[in-house]
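Here is the structure we will look at.
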Amino acid sequence: MPLRSVILGCGGCLPAQVLDNAALAARHGLDTSDEWIRERSGITRRHIAGPGETCTSLGAEAARRALAQAGATAAEVDMIVVATATPDNAFPSTAAHIQRELGMEGGFAFDVSAACTGFIYALSIADAMLRAGQARTALVIGAEVYSRIMDWTDRGTCVLFGDGAGAVFLRAEDRADERGILSTHLHADGRHADILYVEGTGGPLRMAGREVFKHAVTKLAAVVEEALAANGLTRAEVDWLVPHQANIRIIEAMGRKLGLPPERVVVTVDRHANTSAASVPLALAEAVEEGRIRPGDMVLLEAIGGGLTWGAALVRF
Ligand code: COA
């Protein structure tokens, strides 16, 4: 039996403050409407970090919840990988800050930069290291405070993003039931760096939305096919799609391509907006918490983001 990285717990954390579309428009004096934002993106509201909420605090709380769901303690964690484009400091890494927040005295910790694909990248790295025996357990976290890198005068971007964090706890296990990560698939194409990027290191974020949209639909469809083919699986064998939460139109297009009924596609973009590297683990945590995704289910994760970067992972829960 192969050693696999098994997701034993998931957790999410959202800032306390919620802004609906009308409140956001009013706060920043934007020439937009609730109707435009809903129709073009599916977003109705988002959470925005308050003064006391940081990438570290949100990520640490998501990690605590993932550990609690797994019945594990921070002392058991060998490695922390944090995917973020909005760290609190250039260094130390957010992962090191979270390590301290969790009271850990051992293990290793580092951040990964792959924008909205960051969680898939971080999961892939952790999976490889767990199977190579460099660690026995891992916390993989996506944590973001995009509200700190927004241009609040740019209605084409600032209505689309939100803050939050999601985390999973994994352990390398040799199991008869074949639970665990089956494969991960990563891609990047730096030739498209200029259609979605952050100016310098502190922002603001810039995006050519229509261009990104076109790449998203084709590249996500291709990487999903790649993941299925690598495992000899058909679309019918996928129980759940947990997509990156950028735009409901992209999510629905992916669901249709997979032939999945809407109730088998996890959607949080309506309430969270795009939380970048946090979006997939937040959606996963919500679906597991609600008892929708259950042990044994075949789950397909996918994301695309700045780089461009994109990727997918197939996981038997
Ligand atoms: N309110 C009102 N009008 C807005 C607006 C807003 N918040 N934002 C943009 N507009 C305007 C534009 O200025 C444009 O006006 P124009 O035609 O006079 O120039 C018009 O709406 C249409 O813009 P367009 O970009 O064609 O809209 P769209 O249907 O492509 O939707 C996005 C825009 C951004 C929602 C869409 O392109 C998208 O979701 N892209 C992908 C984004 C994404 O996934 N990013 C993250 C990847 S990680």
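Naming scheme: A, B, ... for chains in displayed order of the structure tokens; residues 1 onward per chain; ligands 1 onward as shown.
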(message) For the alpha helix (DSSP H) assignment from backbone DSSP, which residues of segment 101-135 of chain A qualify? Please present them as a ChimeraX atom specification.
(response) /A:101,118-131
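Residue neighbourhood of segment 97-108 of chain A, excluding near-sequence residues (fewer than 2 positions): A:Thr56, A:Gly59, A:Ala60, A:Ala74, A:Ala75, A:Val77, A:Asp78, A:Met79, A:Ile80, A:Pro92, A:Ser93, A:Thr94, A:Ala95, at 7 Å, using only C-alpha atoms.
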(message) Using only C-alpha atoms, which protein or nucleic acid residues come within 9 Å of segment 133-144 of chain A? Drop anything in the same chain fewer than 6 positions from it, and give the result as a PyMOL selection string.
(response) chain A and resi 5+54-56+58-60+62-63+66-67+76-87+94-95+107+118-119+122-123+126-127+162-173+275-282
(request) May I have the residues within 6 Å of ligand 1, computed using only C-alpha atoms and all ligand atoms, as a PyMOL selection string? (result) chain A and resi 32-33+36-37+40-41+116+155-156+159+209-210+212-213+246-247+304-305
Please produce an output containing N, CA, C and O atoms for each residue in the selection, written as a CSV table (one decimal), in the first residue's frame.
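Written output follows (result.csv):
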chain,number,residue,atom,x,y,z
A,32,THR,N,-20.8,51.9,-8.7
A,32,THR,CA,-21.2,50.6,-9.1
A,32,THR,C,-22.5,50.3,-8.4
A,32,THR,O,-23.1,51.2,-7.9
A,33,SER,N,-23.0,49.1,-8.6
A,33,SER,CA,-24.3,48.7,-8.0
A,33,SER,C,-24.2,47.2,-7.5
A,33,SER,O,-23.5,46.4,-8.1
A,36,TRP,N,-24.9,45.0,-10.5
A,36,TRP,CA,-23.7,44.7,-11.4
A,36,TRP,C,-22.8,43.7,-10.8
A,36,TRP,O,-22.4,42.8,-11.5
A,37,ILE,N,-22.5,43.9,-9.5
A,37,ILE,CA,-21.5,43.0,-8.9
A,37,ILE,C,-22.1,41.5,-8.9
A,37,ILE,O,-21.4,40.6,-9.2
A,40,ARG,N,-22.2,40.0,-12.6
A,40,ARG,CA,-20.9,39.7,-13.2
A,40,ARG,C,-20.1,38.7,-12.4
A,40,ARG,O,-19.2,38.1,-13.0
A,41,SER,N,-20.3,38.7,-11.1
A,41,SER,CA,-19.4,37.8,-10.3
A,41,SER,C,-20.1,36.8,-9.4
A,41,SER,O,-19.4,35.9,-8.9
A,116,CYS,N,-3.5,33.2,-6.2
A,116,CYS,CA,-4.7,32.4,-5.9
A,116,CYS,C,-4.6,30.9,-6.0
A,116,CYS,O,-5.4,30.2,-5.5
A,155,ARG,N,-13.1,50.3,-9.3
A,155,ARG,CA,-14.3,49.4,-9.1
A,155,ARG,C,-14.2,48.1,-9.8
A,155,ARG,O,-14.9,47.1,-9.5
A,156,GLY,N,-13.2,48.0,-10.8
A,156,GLY,CA,-13.1,46.7,-11.5
A,156,GLY,C,-12.4,45.6,-10.8
A,156,GLY,O,-12.4,44.5,-11.1
A,159,VAL,N,-14.2,45.3,-5.8
A,159,VAL,CA,-15.5,44.7,-5.4
A,159,VAL,C,-15.4,43.2,-5.4
A,159,VAL,O,-16.3,42.5,-4.9
A,209,GLY,N,-9.4,42.0,-16.1
A,209,GLY,CA,-10.4,41.0,-15.7
A,209,GLY,C,-10.8,40.1,-16.9
A,209,GLY,O,-10.9,38.9,-16.7
A,210,ARG,N,-11.1,40.7,-18.0
A,210,ARG,CA,-11.6,39.9,-19.2
A,210,ARG,C,-10.5,38.9,-19.6
A,210,ARG,O,-10.8,37.8,-20.0
A,212,VAL,N,-8.0,37.6,-17.8
A,212,VAL,CA,-7.9,36.6,-16.8
A,212,VAL,C,-9.1,35.6,-16.9
A,212,VAL,O,-8.9,34.3,-16.8
A,213,PHE,N,-10.2,36.1,-17.1
A,213,PHE,CA,-11.4,35.2,-17.3
A,213,PHE,C,-11.2,34.2,-18.4
A,213,PHE,O,-11.5,33.0,-18.2
A,246,ALA,N,-13.5,32.7,-7.5
A,246,ALA,CA,-13.2,34.0,-8.0
A,246,ALA,C,-14.5,34.6,-8.6
A,246,ALA,O,-14.7,35.8,-8.5
A,247,ASN,N,-15.2,33.8,-9.3
A,247,ASN,CA,-16.4,34.3,-10.1
A,247,ASN,C,-17.4,33.1,-10.3
A,247,ASN,O,-17.0,32.1,-10.8
A,304,ILE,N,-6.7,29.0,-10.1
A,304,ILE,CA,-5.9,29.8,-11.0
A,304,ILE,C,-5.6,31.2,-10.4
A,304,ILE,O,-6.5,31.7,-9.7
A,305,GLY,N,-4.5,31.7,-10.7
A,305,GLY,CA,-4.2,33.1,-10.2
A,305,GLY,C,-3.0,33.7,-10.8
A,305,GLY,O,-2.5,33.2,-11.8
(request) Determine which residues of segment 83-216 of chain A DSSP labels as strand (DSSP E or B) from the backbone of this structure, then write them out as number ranges by chain. (result) A: 83, 108-112, 137-145, 161, 163-173, 180-188, 196-198, 205-207
Show me, as a tab-separated table, the residues of segment 211-283 of chain A having an atom within 12 Å of segment 180-200 of chain A, each with the closest atom pair and its distance in Å, using only C-alpha atoms.
residue	atom	partner	partner_atom	distance
A:Glu211	CA	A:Ile195	CA	6.9
A:Val212	CA	A:Ile195	CA	6.7
A:Phe213	CA	A:Ile195	CA	10.4
A:Lys214	CA	A:Ile195	CA	11.3
A:His215	CA	A:His192	CA	9.6
A:Ala216	CA	A:Leu196	CA	11.9
A:Lys219	CA	A:His187	CA	9.3
A:Leu220	CA	A:His187	CA	10.4
A:Ala222	CA	A:His185	CA	10.7
A:Val223	CA	A:His185	CA	7.1
A:Val224	CA	A:His185	CA	8.8
A:Glu225	CA	A:His185	CA	10.5
A:Glu226	CA	A:His185	CA	7.7
A:Ala227	CA	A:His185	CA	6.7
A:Leu228	CA	A:Ser183	CA	9.4
A:Ala229	CA	A:Ser183	CA	10.7
A:Ala230	CA	A:Ser183	CA	7.8
A:Asn231	CA	A:Leu182	CA	7.5
A:Gly232	CA	A:Leu182	CA	11.0
A:Leu233	CA	A:Leu182	CA	11.0
Write out the residues from the selection above, keeping all heavy atoms, as a compact mmCIF listing (two decimals), in the first residue's frame.
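Result file out-v2.txt:
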# COMPACT_ATOMS: atom_id res chain seq x y z
N GLU A 211 -9.24 39.34 -19.65
CA GLU A 211 -8.15 38.45 -20.06
C GLU A 211 -8.02 37.27 -19.08
O GLU A 211 -7.87 36.13 -19.47
CB GLU A 211 -6.81 39.23 -20.07
CG GLU A 211 -6.68 40.17 -21.23
CD GLU A 211 -6.79 39.43 -22.56
OE1 GLU A 211 -6.01 38.50 -22.78
OE2 GLU A 211 -7.69 39.78 -23.35
N VAL A 212 -8.04 37.60 -17.80
CA VAL A 212 -7.91 36.56 -16.78
C VAL A 212 -9.06 35.56 -16.91
O VAL A 212 -8.86 34.34 -16.83
CB VAL A 212 -7.88 37.17 -15.36
CG1 VAL A 212 -7.89 36.07 -14.29
CG2 VAL A 212 -6.67 38.08 -15.18
N PHE A 213 -10.23 36.08 -17.14
CA PHE A 213 -11.43 35.23 -17.29
C PHE A 213 -11.22 34.19 -18.39
O PHE A 213 -11.47 33.00 -18.20
CB PHE A 213 -12.64 36.12 -17.61
CG PHE A 213 -13.96 35.43 -17.44
CD1 PHE A 213 -14.73 35.63 -16.31
CD2 PHE A 213 -14.44 34.57 -18.42
CE1 PHE A 213 -15.96 35.00 -16.15
CE2 PHE A 213 -15.67 33.93 -18.28
CZ PHE A 213 -16.43 34.15 -17.14
N LYS A 214 -10.72 34.65 -19.54
CA LYS A 214 -10.52 33.73 -20.69
C LYS A 214 -9.52 32.63 -20.34
O LYS A 214 -9.76 31.46 -20.63
CB LYS A 214 -10.03 34.53 -21.90
CG LYS A 214 -11.15 35.20 -22.67
CD LYS A 214 -10.64 35.79 -23.97
CE LYS A 214 -10.60 37.29 -23.89
NZ LYS A 214 -9.84 37.97 -24.90
N HIS A 215 -8.40 33.02 -19.74
CA HIS A 215 -7.40 32.02 -19.35
C HIS A 215 -7.97 31.05 -18.32
O HIS A 215 -7.69 29.86 -18.36
CB HIS A 215 -6.16 32.70 -18.76
CG HIS A 215 -5.26 33.32 -19.79
ND1 HIS A 215 -4.52 32.56 -20.66
CD2 HIS A 215 -5.01 34.61 -20.09
CE1 HIS A 215 -3.83 33.36 -21.45
NE2 HIS A 215 -4.11 34.62 -21.13
N ALA A 216 -8.77 31.57 -17.39
CA ALA A 216 -9.30 30.74 -16.31
C ALA A 216 -10.12 29.58 -16.87
O ALA A 216 -9.91 28.42 -16.51
CB ALA A 216 -10.15 31.59 -15.36
N LYS A 219 -7.69 27.07 -18.99
CA LYS A 219 -6.60 26.42 -18.24
C LYS A 219 -7.15 25.52 -17.13
O LYS A 219 -6.60 24.45 -16.85
CB LYS A 219 -5.65 27.47 -17.67
CG LYS A 219 -4.82 28.13 -18.77
CD LYS A 219 -3.82 29.10 -18.24
CE LYS A 219 -2.74 29.43 -19.27
NZ LYS A 219 -3.24 29.90 -20.57
N LEU A 220 -8.22 25.95 -16.48
CA LEU A 220 -8.80 25.10 -15.43
C LEU A 220 -9.41 23.84 -16.03
O LEU A 220 -9.26 22.75 -15.48
CB LEU A 220 -9.86 25.88 -14.63
CG LEU A 220 -9.29 26.97 -13.71
CD1 LEU A 220 -10.41 27.79 -13.08
CD2 LEU A 220 -8.40 26.37 -12.63
N ALA A 222 -8.40 22.32 -18.67
CA ALA A 222 -7.29 21.43 -19.07
C ALA A 222 -6.66 20.74 -17.87
O ALA A 222 -6.37 19.54 -17.91
CB ALA A 222 -6.24 22.25 -19.82
N VAL A 223 -6.47 21.46 -16.78
CA VAL A 223 -5.78 20.86 -15.63
C VAL A 223 -6.68 19.84 -14.92
O VAL A 223 -6.22 18.85 -14.35
CB VAL A 223 -5.22 21.93 -14.67
CG1 VAL A 223 -6.28 22.54 -13.77
CG2 VAL A 223 -4.09 21.35 -13.82
N VAL A 224 -7.99 20.06 -14.99
CA VAL A 224 -8.94 19.11 -14.41
C VAL A 224 -8.90 17.80 -15.21
O VAL A 224 -8.86 16.70 -14.65
CB VAL A 224 -10.34 19.76 -14.39
CG1 VAL A 224 -11.43 18.72 -14.32
CG2 VAL A 224 -10.45 20.73 -13.22
N GLU A 225 -8.86 17.91 -16.52
CA GLU A 225 -8.76 16.72 -17.38
C GLU A 225 -7.45 15.98 -17.10
O GLU A 225 -7.40 14.76 -17.04
CB GLU A 225 -8.83 17.11 -18.87
CG GLU A 225 -10.19 17.58 -19.33
CD GLU A 225 -11.28 16.52 -19.17
OE1 GLU A 225 -10.97 15.32 -19.18
OE2 GLU A 225 -12.44 16.93 -19.02
N GLU A 226 -6.39 16.76 -16.93
CA GLU A 226 -5.06 16.18 -16.63
C GLU A 226 -5.10 15.37 -15.33
O GLU A 226 -4.56 14.25 -15.27
CB GLU A 226 -4.06 17.33 -16.52
CG GLU A 226 -2.64 16.91 -16.22
CD GLU A 226 -1.75 18.14 -15.95
OE1 GLU A 226 -1.97 19.21 -16.55
OE2 GLU A 226 -0.84 18.01 -15.10
N ALA A 227 -5.76 15.92 -14.32
CA ALA A 227 -5.83 15.23 -13.01
C ALA A 227 -6.63 13.93 -13.13
O ALA A 227 -6.24 12.90 -12.57
CB ALA A 227 -6.46 16.16 -11.97
N LEU A 228 -7.74 13.98 -13.86
CA LEU A 228 -8.56 12.77 -14.02
C LEU A 228 -7.78 11.71 -14.80
O LEU A 228 -7.73 10.54 -14.40
CB LEU A 228 -9.87 13.11 -14.75
CG LEU A 228 -10.86 14.00 -13.99
CD1 LEU A 228 -12.03 14.35 -14.87
CD2 LEU A 228 -11.33 13.30 -12.72
N ALA A 229 -7.15 12.12 -15.90
CA ALA A 229 -6.42 11.18 -16.75
C ALA A 229 -5.27 10.53 -15.98
O ALA A 229 -5.02 9.33 -16.11
CB ALA A 229 -5.90 11.90 -17.99
N ALA A 230 -4.58 11.31 -15.14
CA ALA A 230 -3.44 10.78 -14.39
C ALA A 230 -3.85 9.66 -13.44
O ALA A 230 -3.04 8.82 -13.06
CB ALA A 230 -2.78 11.92 -13.60
N ASN A 231 -5.13 9.66 -13.06
CA ASN A 231 -5.62 8.64 -12.12
C ASN A 231 -6.56 7.64 -12.77
O ASN A 231 -7.16 6.81 -12.07
CB ASN A 231 -6.33 9.34 -10.94
CG ASN A 231 -5.36 10.16 -10.11
OD1 ASN A 231 -4.64 9.60 -9.31
ND2 ASN A 231 -5.31 11.46 -10.34
N GLY A 232 -6.69 7.74 -14.09
CA GLY A 232 -7.57 6.83 -14.79
C GLY A 232 -9.02 6.94 -14.34
O GLY A 232 -9.75 5.95 -14.29
N LEU A 233 -9.42 8.16 -13.97
CA LEU A 233 -10.79 8.37 -13.47
C LEU A 233 -11.66 9.02 -14.53
O LEU A 233 -11.17 9.79 -15.37
CB LEU A 233 -10.77 9.29 -12.24
CG LEU A 233 -10.17 8.73 -10.95
CD1 LEU A 233 -10.06 9.84 -9.91
CD2 LEU A 233 -11.03 7.60 -10.40
(request) Just the residues within 9 Å of Arg65 of chain A, please, counting only C-alpha atoms, with nothing from its chain fewer than 4 positions along; format it as an MDAnalysis selection string. (result) chainID A and resid 9:13 60:61 69:70 167:168
Go ahead and write the selection's residues with all heavy atoms as a tab-separated table (two decimals), in the first residue's frame.
chain	number	residue	atom	x	y	z
A	9	GLY	N	-8.28	16.95	9.04
A	9	GLY	CA	-9.09	18.04	9.61
A	9	GLY	C	-9.01	19.28	8.74
A	9	GLY	O	-7.99	19.53	8.09
A	10	CYS	N	-10.12	20.04	8.71
A	10	CYS	CA	-10.17	21.29	7.95
A	10	CYS	C	-10.69	22.38	8.88
A	10	CYS	O	-11.49	22.11	9.77
A	10	CYS	CB	-11.14	21.19	6.78
A	10	CYS	SG	-10.79	19.88	5.61
A	11	GLY	N	-10.27	23.61	8.63
A	11	GLY	CA	-10.78	24.72	9.43
A	11	GLY	C	-10.75	26.01	8.63
A	11	GLY	O	-9.92	26.18	7.73
A	12	GLY	N	-11.67	26.90	8.94
A	12	GLY	CA	-11.71	28.19	8.28
A	12	GLY	C	-11.87	29.31	9.30
A	12	GLY	O	-12.32	29.07	10.42
A	13	CYS	N	-11.46	30.51	8.91
A	13	CYS	CA	-11.63	31.67	9.80
A	13	CYS	C	-11.87	32.91	8.93
A	13	CYS	O	-11.09	33.18	8.01
A	13	CYS	CB	-10.40	31.86	10.68
A	13	CYS	SG	-10.54	33.29	11.75
A	60	ALA	N	-3.80	31.43	11.94
A	60	ALA	CA	-3.62	30.64	13.17
A	60	ALA	C	-4.95	30.08	13.65
A	60	ALA	O	-5.03	28.93	14.08
A	60	ALA	CB	-2.97	31.50	14.26
A	61	GLU	N	-6.01	30.89	13.56
A	61	GLU	CA	-7.32	30.41	14.01
A	61	GLU	C	-7.84	29.29	13.10
A	61	GLU	O	-8.39	28.30	13.58
A	61	GLU	CB	-8.31	31.57	14.09
A	61	GLU	CG	-9.66	31.22	14.68
A	61	GLU	CD	-9.59	30.53	16.05
A	61	GLU	OE1	-8.64	30.79	16.82
A	61	GLU	OE2	-10.48	29.71	16.34
A	69	GLN	N	-10.58	19.62	14.57
A	69	GLN	CA	-11.41	18.66	13.83
A	69	GLN	C	-10.70	17.31	13.68
A	69	GLN	O	-11.32	16.26	13.68
A	69	GLN	CB	-11.76	19.21	12.45
A	69	GLN	CG	-12.84	18.40	11.77
A	69	GLN	CD	-13.22	19.02	10.44
A	69	GLN	OE1	-12.52	18.91	9.46
A	69	GLN	NE2	-14.35	19.71	10.42
A	70	ALA	N	-9.37	17.36	13.57
A	70	ALA	CA	-8.57	16.13	13.43
A	70	ALA	C	-8.32	15.46	14.78
A	70	ALA	O	-7.80	14.35	14.83
A	70	ALA	CB	-7.24	16.46	12.77
A	167	ALA	N	-7.47	26.15	6.44
A	167	ALA	CA	-6.33	25.28	6.76
A	167	ALA	C	-6.73	23.81	6.70
A	167	ALA	O	-7.91	23.47	6.91
A	167	ALA	CB	-5.80	25.61	8.15
A	168	VAL	N	-5.75	22.96	6.41
A	168	VAL	CA	-5.97	21.52	6.54
A	168	VAL	C	-4.81	20.92	7.33
A	168	VAL	O	-3.68	21.42	7.28
A	168	VAL	CB	-6.09	20.79	5.18
A	168	VAL	CG1	-7.29	21.28	4.39
A	168	VAL	CG2	-4.82	20.91	4.35
(request) Tell me which of A:Thr117, A:Asn89, A:Thr44, A:Thr268 sits closest to Gly306 of chain A, counting only C-alpha atoms. (result)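 Closest to Gly306 of chain A, using only C-alpha atoms: A:Thr117.
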(message) With distances taken over only C-alpha atoms, which residue among A:Trp240, A:Asp154, A:Val6, A:Ser57 lies nearest His28 of chain A?
(response)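 Among the listed residues, the smallest separation from His28 of chain A belongs to A:Asp154.
Nearest to Ala253 of chain A of all the residues A:Gly311, A:Ser124, A:Ile43, A:Val217 is A:Val217, counting only C-alpha atoms.
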(request) Would you please work out which residue, of A:Gly259, A:Leu308, A:Asp297, A:Ala23, is nearest to Asp177 of chain A when using only C-alpha atoms? (result)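 The shortest atom-to-atom distance to Asp177 of chain A comes from A:Asp297.
Atom to atom, atom CA of Val269 of chain A and atom CA of Glu302 of chain A stand 14.3 Å apart.
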(request) Could you tell me which of A:Ala208, A:Ala49, A:Ala26, A:Ala221 comes closest to Trp310 of chain A if we count only C-alpha atoms? (result) A:Ala221
(request) Considering only C-alpha atoms, return as a list in words whatever protein or nucleic-acid residues lie within 12 Å of Gly296 of chain A, sequence-local ones (same chain, fewer than 2 positions apart) excluded. (result)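 With the cut-off at 12 Å, the set is Val6, Ile7, Ala176, Asp177, Glu178, Arg179, Gly180, Ile181, Glu237, Val238, Asp239, Trp240, Arg292, Ile293, Arg294, Met298, Val299, Val315, Arg316 and Phe317 of chain A.
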Dump as a JSON list (two decimals), in the first residue's frame, selection limited to N, CA and C atoms:
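Below is the file that was written, out-v4.json:
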[["chain", "number", "residue", "atom", "x", "y", "z"],
["A", 6, "VAL", "N", -3.03, 12.19, 4.13],
["A", 6, "VAL", "CA", -4.46, 12.15, 4.39],
["A", 6, "VAL", "C", -4.91, 13.43, 5.10],
["A", 7, "ILE", "N", -5.94, 14.07, 4.54],
["A", 7, "ILE", "CA", -6.49, 15.27, 5.18],
["A", 7, "ILE", "C", -7.39, 14.80, 6.33],
["A", 176, "ALA", "N", -5.56, 1.07, 4.15],
["A", 176, "ALA", "CA", -6.22, 0.12, 3.26],
["A", 176, "ALA", "C", -7.36, 0.79, 2.49],
["A", 177, "ASP", "N", -7.97, 1.85, 3.09],
["A", 177, "ASP", "CA", -9.13, 2.47, 2.43],
["A", 177, "ASP", "C", -8.74, 3.50, 1.37],
["A", 178, "GLU", "N", -7.42, 3.63, 1.15],
["A", 178, "GLU", "CA", -6.92, 4.50, 0.07],
["A", 178, "GLU", "C", -7.35, 5.95, 0.19],
["A", 179, "ARG", "N", -7.60, 6.41, 1.42],
["A", 179, "ARG", "CA", -7.85, 7.84, 1.59],
["A", 179, "ARG", "C", -6.55, 8.60, 1.35],
["A", 180, "GLY", "N", -6.68, 9.85, 0.95],
["A", 180, "GLY", "CA", -5.50, 10.70, 0.82],
["A", 180, "GLY", "C", -5.41, 11.40, -0.52],
["A", 181, "ILE", "N", -4.34, 12.18, -0.67],
["A", 181, "ILE", "CA", -4.11, 12.92, -1.91],
["A", 181, "ILE", "C", -3.65, 11.93, -2.98],
["A", 237, "GLU", "N", -16.82, 9.76, -11.67],
["A", 237, "GLU", "CA", -16.30, 9.27, -10.39],
["A", 237, "GLU", "C", -15.95, 10.39, -9.40],
["A", 238, "VAL", "N", -16.09, 11.65, -9.84],
["A", 238, "VAL", "CA", -15.83, 12.79, -8.96],
["A", 238, "VAL", "C", -17.11, 13.09, -8.17],
["A", 239, "ASP", "N", -17.00, 13.13, -6.84],
["A", 239, "ASP", "CA", -18.17, 13.43, -6.01],
["A", 239, "ASP", "C", -18.35, 14.93, -5.80],
["A", 240, "TRP", "N", -17.22, 15.65, -5.68],
["A", 240, "TRP", "CA", -17.29, 17.08, -5.35],
["A", 240, "TRP", "C", -16.24, 17.87, -6.11],
["A", 292, "ARG", "N", -21.35, 17.78, 4.18],
["A", 292, "ARG", "CA", -21.60, 17.51, 2.75],
["A", 292, "ARG", "C", -20.49, 16.60, 2.22],
["A", 293, "ILE", "N", -19.23, 17.02, 2.34],
["A", 293, "ILE", "CA", -18.11, 16.15, 1.97],
["A", 293, "ILE", "C", -17.87, 15.18, 3.11],
["A", 294, "ARG", "N", -17.88, 13.86, 2.77],
["A", 294, "ARG", "CA", -17.74, 12.83, 3.80],
["A", 294, "ARG", "C", -16.56, 11.92, 3.48],
["A", 298, "MET", "N", -14.66, 11.42, -3.42],
["A", 298, "MET", "CA", -13.59, 11.86, -4.32],
["A", 298, "MET", "C", -13.77, 13.36, -4.58],
["A", 299, "VAL", "N", -12.76, 14.13, -4.21],
["A", 299, "VAL", "CA", -12.87, 15.59, -4.25],
["A", 299, "VAL", "C", -11.81, 16.16, -5.19],
["A", 315, "VAL", "N", -8.31, 14.30, -4.33],
["A", 315, "VAL", "CA", -8.17, 13.81, -2.96],
["A", 315, "VAL", "C", -9.33, 12.87, -2.64],
["A", 316, "ARG", "N", -8.99, 11.67, -2.11],
["A", 316, "ARG", "CA", -10.06, 10.84, -1.56],
["A", 316, "ARG", "C", -10.15, 11.14, -0.07],
["A", 317, "PHE", "N", -11.30, 11.67, 0.35],
["A", 317, "PHE", "CA", -11.46, 12.12, 1.73],
["A", 317, "PHE", "C", -11.63, 10.95, 2.69]]
(message) My list of candidates is A:Arg249, A:Arg131, A:Lys257, A:Arg148. Which is closest to Asp270 of chain A when distances are computed with only C-alpha atoms?
(response) A:Arg249
(request) In Å, rounded to a single decimal, give me how far atom CA of Gly203 of chain A is from atom CA of His47 of chain A. (result)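 Atom-to-atom, atom CA of His47 of chain A and atom CA of Gly203 of chain A are spaced 19.3 Å apart.
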(message) Give me the residues near Leu241 of chain A as a count of residues only, where near means some atom within 7 Å (using only C-alpha atoms) and where sequence neighbours in that chain fewer than 5 positions away do not count.
(response) 6
